[in-house]
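Trainee: This is query.cif (mmCIF, C-alpha atoms).
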```cif
data_entry
#
loop_
_atom_site.label_atom_id
_atom_site.label_comp_id
_atom_site.auth_asym_id
_atom_site.auth_seq_id
_atom_site.Cartn_x
_atom_site.Cartn_y
_atom_site.Cartn_z
CA MET A 94 -6.63 16.04 98.35
CA ARG A 95 -10.23 15.72 98.54
CA ASN A 96 -12.33 13.44 96.48
CA SER A 97 -14.20 16.27 94.72
CA THR A 98 -10.90 17.86 93.61
CA LYS A 99 -9.76 14.56 92.09
CA VAL A 100 -13.04 14.21 90.17
CA LEU A 101 -12.79 17.81 88.93
CA ILE A 102 -9.21 17.28 87.71
CA GLY A 103 -10.32 14.05 85.95
CA VAL A 104 -13.19 15.82 84.20
CA LEU A 105 -10.87 18.67 83.11
CA LEU A 106 -8.34 16.17 81.70
CA ILE A 107 -11.09 14.38 79.77
CA LEU A 108 -12.34 17.72 78.36
CA ILE A 109 -8.80 18.72 77.36
CA LEU A 110 -8.31 15.36 75.57
CA ILE A 111 -11.65 15.77 73.73
CA LEU A 112 -10.69 19.33 72.74
CA LEU A 113 -7.28 18.15 71.43
CA GLY A 114 -8.96 15.35 69.46
CA TYR A 115 -11.45 17.77 67.91
CA VAL A 116 -8.71 20.27 66.92
CA THR A 117 -6.69 17.42 65.37
CA TYR A 118 -9.77 16.26 63.45
CA ILE A 119 -10.33 19.78 62.06
CA PHE A 120 -6.69 20.06 60.89
CA ILE A 121 -6.88 16.66 59.19
CA GLN A 122 -10.12 17.66 57.38
CA GLU A 123 -8.59 20.96 56.20
CA LYS A 124 -5.48 19.13 54.97
CA THR A 125 -7.66 16.64 53.06
CA VAL A 126 -9.68 19.47 51.47
CA ILE A 127 -6.48 21.27 50.45
CA GLU A 128 -5.06 18.06 48.95
CA ASN A 129 -8.31 17.44 47.02
CA GLU A 130 -8.30 20.99 45.68
CA THR A 131 -4.67 20.58 44.61
CA GLU A 132 -5.51 17.30 42.86
CA GLU A 133 -8.47 18.92 41.10
CA LYS A 134 -6.28 21.81 39.94
CA ASN A 135 -3.67 19.35 38.66
CA ILE A 136 -6.35 17.39 36.79
CA VAL A 137 -7.76 20.59 35.30
CA ASN A 138 -4.26 21.65 34.24
CA GLU A 139 -3.61 18.25 32.65
CA ILE A 140 -6.92 18.44 30.77
CA GLU A 141 -6.11 21.96 29.56
CA GLU A 142 -2.65 20.84 28.44
CA GLN A 143 -4.18 17.85 26.63
CA ASN A 144 -6.70 20.14 24.93
CA VAL A 145 -3.88 22.41 23.77
CA VAL A 146 -1.95 19.41 22.44
CA ASN A 147 -5.09 18.12 20.68
CA GLU A 148 -5.70 21.55 19.16
CA ILE A 149 -2.11 21.70 17.92
CA ASN A 150 -2.42 18.19 16.48
CA THR A 151 -5.70 19.14 14.80
CA ASN A 152 -4.12 22.24 13.28
CA VAL A 153 -1.17 20.21 12.00
CA ALA A 154 -3.54 17.56 10.60
CA GLU A 155 -5.60 20.27 8.86
CA GLU A 156 -2.45 21.78 7.37
CA ASN A 157 -1.34 18.32 6.20
CA THR A 158 -4.79 17.73 4.69
CA VAL A 159 -4.62 21.02 2.83
CA THR A 160 -1.11 20.19 1.62
CA ASN A 161 -2.15 16.66 0.61
CA THR A 162 -5.25 18.00 -1.17
CA GLU A 163 -3.14 20.50 -3.07
CA SER A 164 -0.66 17.73 -3.90
CA ASN A 165 -3.47 15.40 -5.02
CA GLU A 166 -4.99 18.14 -7.17
CA SER A 167 -1.68 18.80 -8.87
CA THR A 168 -1.11 15.04 -9.28
CA GLU A 169 -4.59 14.60 -10.76
CA THR A 170 -3.99 17.50 -13.11
CA SER A 171 -0.67 16.06 -14.25
CA VAL A 172 -2.24 12.60 -14.65
CA GLU A 173 -5.07 14.09 -16.69
CA LEU A 174 -2.59 16.03 -18.78
CA ASN A 175 -0.56 12.88 -19.36
CA GLN A 176 -3.66 10.89 -20.31
CA ASN A 177 -5.06 13.51 -22.64
CA TYR A 178 -1.72 14.23 -24.24
CA VAL A 179 -1.27 12.58 -27.62
CA GLY A 180 2.26 12.72 -28.95
CA LYS A 181 3.01 13.98 -32.44
CA GLU A 182 4.09 10.56 -33.66
CA GLU A 183 1.03 8.87 -32.19
CA GLN A 184 -1.23 11.52 -33.66
CA GLU A 185 0.35 11.06 -37.09
CA SER A 186 0.00 7.28 -36.74
CA ASN A 187 -3.68 7.68 -35.82
CA GLU A 188 -4.27 9.99 -38.76
CA GLN A 189 -2.58 7.56 -41.13
CA SER A 190 -4.48 4.52 -39.90
CA GLY A 191 -7.69 6.48 -39.40
CA THR A 192 -8.32 4.93 -35.96
CA GLU A 193 -7.67 5.73 -32.33
CA ASN A 194 -5.08 3.78 -30.47
CA PRO A 195 -6.41 0.65 -28.76
CA GLU A 196 -5.60 1.92 -25.26
CA GLN A 197 -7.81 4.98 -25.77
CA THR A 198 -10.56 2.78 -27.20
CA ALA A 199 -10.36 0.54 -24.10
CA ILE A 200 -10.48 3.59 -21.82
CA ASP A 201 -13.54 4.89 -23.71
CA PHE A 202 -15.31 1.54 -23.25
CA ALA A 203 -14.47 1.60 -19.52
CA LYS A 204 -15.75 5.18 -19.16
CA GLU A 205 -18.96 4.23 -20.93
CA LYS A 206 -19.48 1.27 -18.59
CA TRP A 207 -18.63 3.42 -15.52
CA GLY A 208 -21.42 5.85 -16.33
CA GLU A 209 -22.06 9.56 -16.36
CA THR A 210 -19.75 10.28 -13.39
CA SER A 211 -16.77 9.03 -15.37
CA SER A 212 -15.54 12.61 -15.85
CA SER A 213 -14.83 12.73 -12.10
CA TYR A 214 -12.41 9.80 -12.29
CA ASN A 215 -9.15 9.00 -14.04
CA PHE A 216 -8.85 5.86 -16.16
CA VAL A 217 -5.41 4.35 -16.71
CA VAL A 218 -4.35 1.25 -18.63
CA GLU A 219 -2.32 -0.81 -16.17
CA ASN A 220 -1.78 -4.03 -18.06
CA VAL A 221 -2.49 -5.56 -21.46
CA GLU A 222 -2.98 -9.30 -22.00
CA GLY A 223 -3.64 -9.90 -25.68
CA ASN A 224 -6.86 -8.06 -26.51
CA VAL A 225 -7.83 -7.61 -22.84
CA TYR A 226 -6.90 -4.26 -21.32
CA HIS A 227 -6.85 -3.94 -17.52
CA ILE A 228 -8.04 -0.42 -16.67
CA ALA A 229 -7.63 1.15 -13.21
CA VAL A 230 -10.28 3.63 -12.07
CA ILE A 231 -8.59 6.28 -9.91
CA SER A 232 -10.12 8.84 -7.57
CA ASN A 233 -7.99 11.19 -5.44
CA ALA A 234 -4.83 9.27 -6.33
CA ILE A 235 -6.36 6.01 -5.01
CA THR A 236 -7.34 3.11 -7.25
CA ILE A 237 -10.97 2.34 -6.40
CA ALA A 238 -11.79 -0.26 -9.08
CA TYR A 239 -10.40 -2.30 -11.93
CA MET A 240 -12.11 -2.98 -15.23
CA ASP A 241 -11.20 -5.52 -17.91
CA VAL A 242 -11.97 -4.47 -21.48
CA ASP A 243 -11.89 -7.02 -24.31
CA LEU A 244 -11.50 -5.03 -27.52
CA GLU A 245 -12.50 -7.94 -29.80
CA THR A 246 -15.90 -8.47 -28.18
CA GLY A 247 -16.33 -5.00 -26.68
CA GLU A 248 -17.11 -6.67 -23.34
CA VAL A 249 -16.33 -4.70 -20.16
CA THR A 250 -16.23 -6.42 -16.76
CA GLU A 251 -15.65 -4.74 -13.43
CA ASN A 252 -13.35 -6.45 -10.92
#
```
As C-alpha coordinates - that is how I would like this structure written.
Mentor:
Amino acid sequence: MRNSTKVLIGVLLILILILLGYVTYIFIQEKTVIENETEEKNIVNEIEEQNVVNEINTNVAEENTVTNTESNESTETSVELNQNYVGKEEQESNEQSGTENPEQTAIDFAKEKWGETSSSYNFVVENVEGNVYHIAVISNAITIAYMDVDLETGEVTEN
(Lines of atoms letter the chains of each structure in order from A and count residues from 1; the text may use other names and numbers.)
(Lines give C-alpha, C1' and ligand atoms only; values in the text may rest on other atoms or scores of the structure.)
Protein backbone atom coordinates (compact mmCIF):
# COMPACT_ATOMS: atom_id res chain seq x y z
CA MET A 1 0.00 0.00 0.00
CA ARG A 2 1.13 3.35 -0.78
CA ASN A 3 1.86 6.04 1.68
CA SER A 4 -0.94 8.33 0.44
CA THR A 5 -3.52 5.54 0.89
CA LYS A 6 -2.40 5.02 4.50
CA VAL A 7 -2.72 8.75 5.24
CA LEU A 8 -6.18 8.86 3.63
CA ILE A 9 -7.38 5.88 5.70
CA GLY A 10 -5.98 7.55 8.86
CA VAL A 11 -7.79 10.81 8.11
CA LEU A 12 -11.06 8.92 7.44
CA LEU A 13 -10.74 7.03 10.75
CA ILE A 14 -10.14 10.29 12.62
CA LEU A 15 -13.20 11.87 10.94
CA ILE A 16 -15.34 8.83 11.79
CA LEU A 17 -14.22 9.01 15.46
CA ILE A 18 -15.01 12.76 15.60
CA LEU A 19 -18.43 12.12 14.03
CA LEU A 20 -19.18 9.34 16.57
CA GLY A 21 -18.11 11.62 19.43
CA TYR A 22 -20.34 14.44 18.18
CA VAL A 23 -23.38 12.13 17.79
CA THR A 24 -22.79 10.76 21.31
CA TYR A 25 -22.57 14.32 22.67
CA ILE A 26 -25.89 15.24 21.02
CA PHE A 27 -27.65 12.17 22.51
CA ILE A 28 -26.29 12.97 25.98
CA GLN A 29 -27.52 16.60 25.70
CA GLU A 30 -30.99 15.48 24.59
CA LYS A 31 -31.16 12.98 27.45
CA THR A 32 -30.17 15.71 29.94
CA VAL A 33 -32.82 18.08 28.54
CA ILE A 34 -35.47 15.36 28.77
CA GLU A 35 -34.46 14.56 32.37
CA ASN A 36 -34.59 18.27 33.30
CA GLU A 37 -38.03 18.63 31.74
CA THR A 38 -39.22 15.56 33.64
CA GLU A 39 -37.84 16.98 36.90
CA GLU A 40 -39.54 20.32 36.23
CA LYS A 41 -42.85 18.58 35.55
CA ASN A 42 -42.49 16.57 38.76
CA ILE A 43 -41.75 19.74 40.73
CA VAL A 44 -44.73 21.51 39.17
CA ASN A 45 -46.95 18.53 40.00
CA GLU A 46 -45.69 18.49 43.60
CA ILE A 47 -46.36 22.23 43.93
CA GLU A 48 -49.86 21.80 42.50
CA GLU A 49 -50.54 18.91 44.88
CA GLN A 50 -49.26 20.99 47.81
CA ASN A 51 -51.49 23.89 46.74
CA VAL A 52 -54.50 21.57 46.64
CA VAL A 53 -53.63 20.23 50.11
CA ASN A 54 -53.20 23.79 51.42
CA GLU A 55 -56.54 24.80 49.91
CA ILE A 56 -58.24 21.81 51.52
CA ASN A 57 -56.59 22.63 54.87
CA THR A 58 -57.69 26.26 54.53
CA ASN A 59 -61.26 25.21 53.79
CA VAL A 60 -61.28 22.88 56.79
CA ALA A 61 -59.80 25.62 59.00
CA GLU A 62 -62.45 28.08 57.78
CA GLU A 63 -65.19 25.56 58.51
CA ASN A 64 -63.72 24.95 61.98
CA THR A 65 -63.56 28.71 62.57
CA VAL A 66 -67.19 29.10 61.58
CA THR A 67 -68.14 26.19 63.84
CA ASN A 68 -66.05 27.57 66.72
CA THR A 69 -67.53 31.05 66.23
CA GLU A 70 -71.04 29.64 66.29
CA SER A 71 -70.12 27.61 69.38
CA ASN A 72 -68.59 30.67 71.07
CA GLU A 73 -71.65 32.76 70.25
CA SER A 74 -73.96 30.17 71.75
CA THR A 75 -71.65 29.83 74.78
CA GLU A 76 -71.57 33.61 75.24
CA THR A 77 -75.34 33.76 74.95
CA SER A 78 -75.77 31.02 77.54
CA VAL A 79 -73.21 32.69 79.83
CA GLU A 80 -75.03 36.00 79.48
CA LEU A 81 -78.33 34.31 80.15
CA ASN A 82 -76.89 32.62 83.23
CA GLN A 83 -75.42 35.90 84.49
CA ASN A 84 -78.54 37.94 83.90
CA TYR A 85 -80.84 35.29 85.30
CA VAL A 86 -81.98 35.99 88.84
CA GLY A 87 -83.72 33.08 90.51
CA LYS A 88 -87.09 33.49 92.17
CA GLU A 89 -85.68 32.93 95.65
CA GLU A 90 -82.83 35.37 95.07
CA GLN A 91 -85.23 37.94 93.67
CA GLU A 92 -87.50 37.57 96.70
CA SER A 93 -84.48 37.85 99.00
CA ASN A 94 -83.37 41.02 97.20
CA GLU A 95 -86.85 42.50 97.43
CA GLN A 96 -87.03 41.72 101.14
CA SER A 97 -83.62 43.16 101.96
CA GLY A 98 -84.01 46.01 99.47
CA THR A 99 -80.49 45.51 98.07
CA GLU A 100 -78.80 43.70 95.22
CA ASN A 101 -76.73 40.67 95.95
CA PRO A 102 -73.06 41.43 96.65
CA GLU A 103 -71.83 39.50 93.59
CA GLN A 104 -73.90 41.70 91.27
CA THR A 105 -72.66 44.81 93.09
CA ALA A 106 -69.05 43.65 92.61
CA ILE A 107 -69.70 42.97 88.92
CA ASP A 108 -71.24 46.45 88.53
CA PHE A 109 -68.14 48.03 90.12
CA ALA A 110 -65.90 46.03 87.76
CA LYS A 111 -67.96 47.05 84.72
CA GLU A 112 -67.76 50.69 85.79
CA LYS A 113 -63.97 50.46 86.14
CA TRP A 114 -63.67 48.63 82.77
CA GLY A 115 -65.36 51.49 80.95
CA GLU A 116 -67.90 52.03 78.23
CA THR A 117 -66.95 48.88 76.30
CA SER A 118 -68.00 46.72 79.23
CA SER A 119 -71.16 45.65 77.37
CA SER A 120 -68.91 43.75 74.93
CA TYR A 121 -67.46 41.58 77.69
CA ASN A 122 -68.73 39.08 80.22
CA PHE A 123 -67.94 39.54 83.91
CA VAL A 124 -67.97 36.50 86.18
CA VAL A 125 -67.23 36.17 89.89
CA GLU A 126 -64.56 33.49 90.16
CA ASN A 127 -63.62 33.65 93.81
CA VAL A 128 -64.61 35.46 96.99
CA GLU A 129 -62.18 36.16 99.84
CA GLY A 130 -64.03 37.99 102.58
CA ASN A 131 -65.21 41.27 101.07
CA VAL A 132 -62.90 40.99 98.04
CA TYR A 133 -64.50 39.56 94.92
CA HIS A 134 -62.23 38.26 92.14
CA ILE A 135 -63.94 39.05 88.82
CA ALA A 136 -62.87 37.51 85.49
CA VAL A 137 -63.33 39.60 82.35
CA ILE A 138 -64.17 37.26 79.46
CA SER A 139 -64.14 37.90 75.72
CA ASN A 140 -64.87 35.15 73.17
CA ALA A 141 -64.76 32.49 75.88
CA ILE A 142 -61.22 33.56 76.88
CA THR A 143 -60.40 35.26 80.18
CA ILE A 144 -58.51 38.43 79.25
CA ALA A 145 -58.24 40.13 82.66
CA TYR A 146 -58.95 39.77 86.34
CA MET A 147 -60.28 42.48 88.63
CA ASP A 148 -60.42 42.53 92.43
CA VAL A 149 -63.37 44.41 93.92
CA ASP A 150 -63.43 45.29 97.62
CA LEU A 151 -67.07 45.94 98.51
CA GLU A 152 -66.27 47.67 101.83
CA THR A 153 -64.08 50.37 100.26
CA GLY A 154 -65.50 50.22 96.73
CA GLU A 155 -61.92 49.90 95.45
CA VAL A 156 -61.40 48.10 92.13
CA THR A 157 -57.94 46.93 91.05
CA GLU A 158 -57.07 45.27 87.77
CA ASN A 159 -54.66 42.30 87.82
Trainee: Do a neighbour search on A:Asp243 at 12 Å with all atoms listed in the file, toss out local chain neighbours closer than 5 positions, and write the hits as a ChimeraX atom specification.
Mentor: /A:195-196,198-200,202-203,221-228,248-251
Trainee: Save the residues we just selected, C-alpha atoms, as a PDB file, in the coordinates of the input?
Mentor:
```
ATOM      1  CA  PRO A 195      -6.410   0.650 -28.760  1.00  0.00           C
ATOM      2  CA  GLU A 196      -5.600   1.920 -25.260  1.00  0.00           C
ATOM      3  CA  THR A 198     -10.560   2.780 -27.200  1.00  0.00           C
ATOM      4  CA  ALA A 199     -10.360   0.540 -24.100  1.00  0.00           C
ATOM      5  CA  ILE A 200     -10.480   3.590 -21.820  1.00  0.00           C
ATOM      6  CA  PHE A 202     -15.310   1.540 -23.250  1.00  0.00           C
ATOM      7  CA  ALA A 203     -14.470   1.600 -19.520  1.00  0.00           C
ATOM      8  CA  VAL A 221      -2.490  -5.560 -21.460  1.00  0.00           C
ATOM      9  CA  GLU A 222      -2.980  -9.300 -22.000  1.00  0.00           C
ATOM     10  CA  GLY A 223      -3.640  -9.900 -25.680  1.00  0.00           C
ATOM     11  CA  ASN A 224      -6.860  -8.060 -26.510  1.00  0.00           C
ATOM     12  CA  VAL A 225      -7.830  -7.610 -22.840  1.00  0.00           C
ATOM     13  CA  TYR A 226      -6.900  -4.260 -21.320  1.00  0.00           C
ATOM     14  CA  HIS A 227      -6.850  -3.940 -17.520  1.00  0.00           C
ATOM     15  CA  ILE A 228      -8.040  -0.420 -16.670  1.00  0.00           C
ATOM     16  CA  GLU A 248     -17.110  -6.670 -23.340  1.00  0.00           C
ATOM     17  CA  VAL A 249     -16.330  -4.700 -20.160  1.00  0.00           C
ATOM     18  CA  THR A 250     -16.230  -6.420 -16.760  1.00  0.00           C
ATOM     19  CA  GLU A 251     -15.650  -4.740 -13.430  1.00  0.00           C
TER      20      GLU A 251
END
```
Trainee: Suppose a student applies the PyMOL selection byres ((chain A and resi 207-214) around 9) to this structure; what residues should they get, written as a PyMOL selection string?
Mentor: chain A and resi 202-206+215-216+230-233+251
Trainee: The centre and edge lengths of an axis-aligned box containing all atoms of stretch 246-249 of chain A present in the file, extended by 3 Å on each side, are to be given in Å to one decimal, as AutoDock Vina command-line options.
Mentor:
```
--center_x -16.5 --center_y -6.6 --center_z -24.2 --size_x 7.2 --size_y 9.8 --size_z 14.0
```
Trainee: Just give me the gap between atom CA of A:Asn129 and atom CA of A:Tyr115 in Å, one decimal is fine.
Mentor: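 Spanning atom CA of A:Asn129 to atom CA of A:Tyr115 is a straight-line distance of 21.1 Å.
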Trainee: Report, in Å with one decimal, the straight-line distance from atom CA of A:Asp201 to atom CA of A:Ala238.
Mentor: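 A separation of 15.6 Å between them.
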Trainee: Please indicate the distance in Å from atom CA of A:Met94 to atom CA of A:Leu106, rounded to one decimal place.
Mentor: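 Atom-to-atom, atom CA of A:Met94 to atom CA of A:Leu106, that is 16.7 Å.
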Trainee: Got a sec: who's within 7 Å of A:Ala229, counting only C-alpha atoms, leaving out chain neighbours fewer than 3 positions off, as a VMD selection string?
Mentor: chain A and resid 216 to 219 236 238 to 240
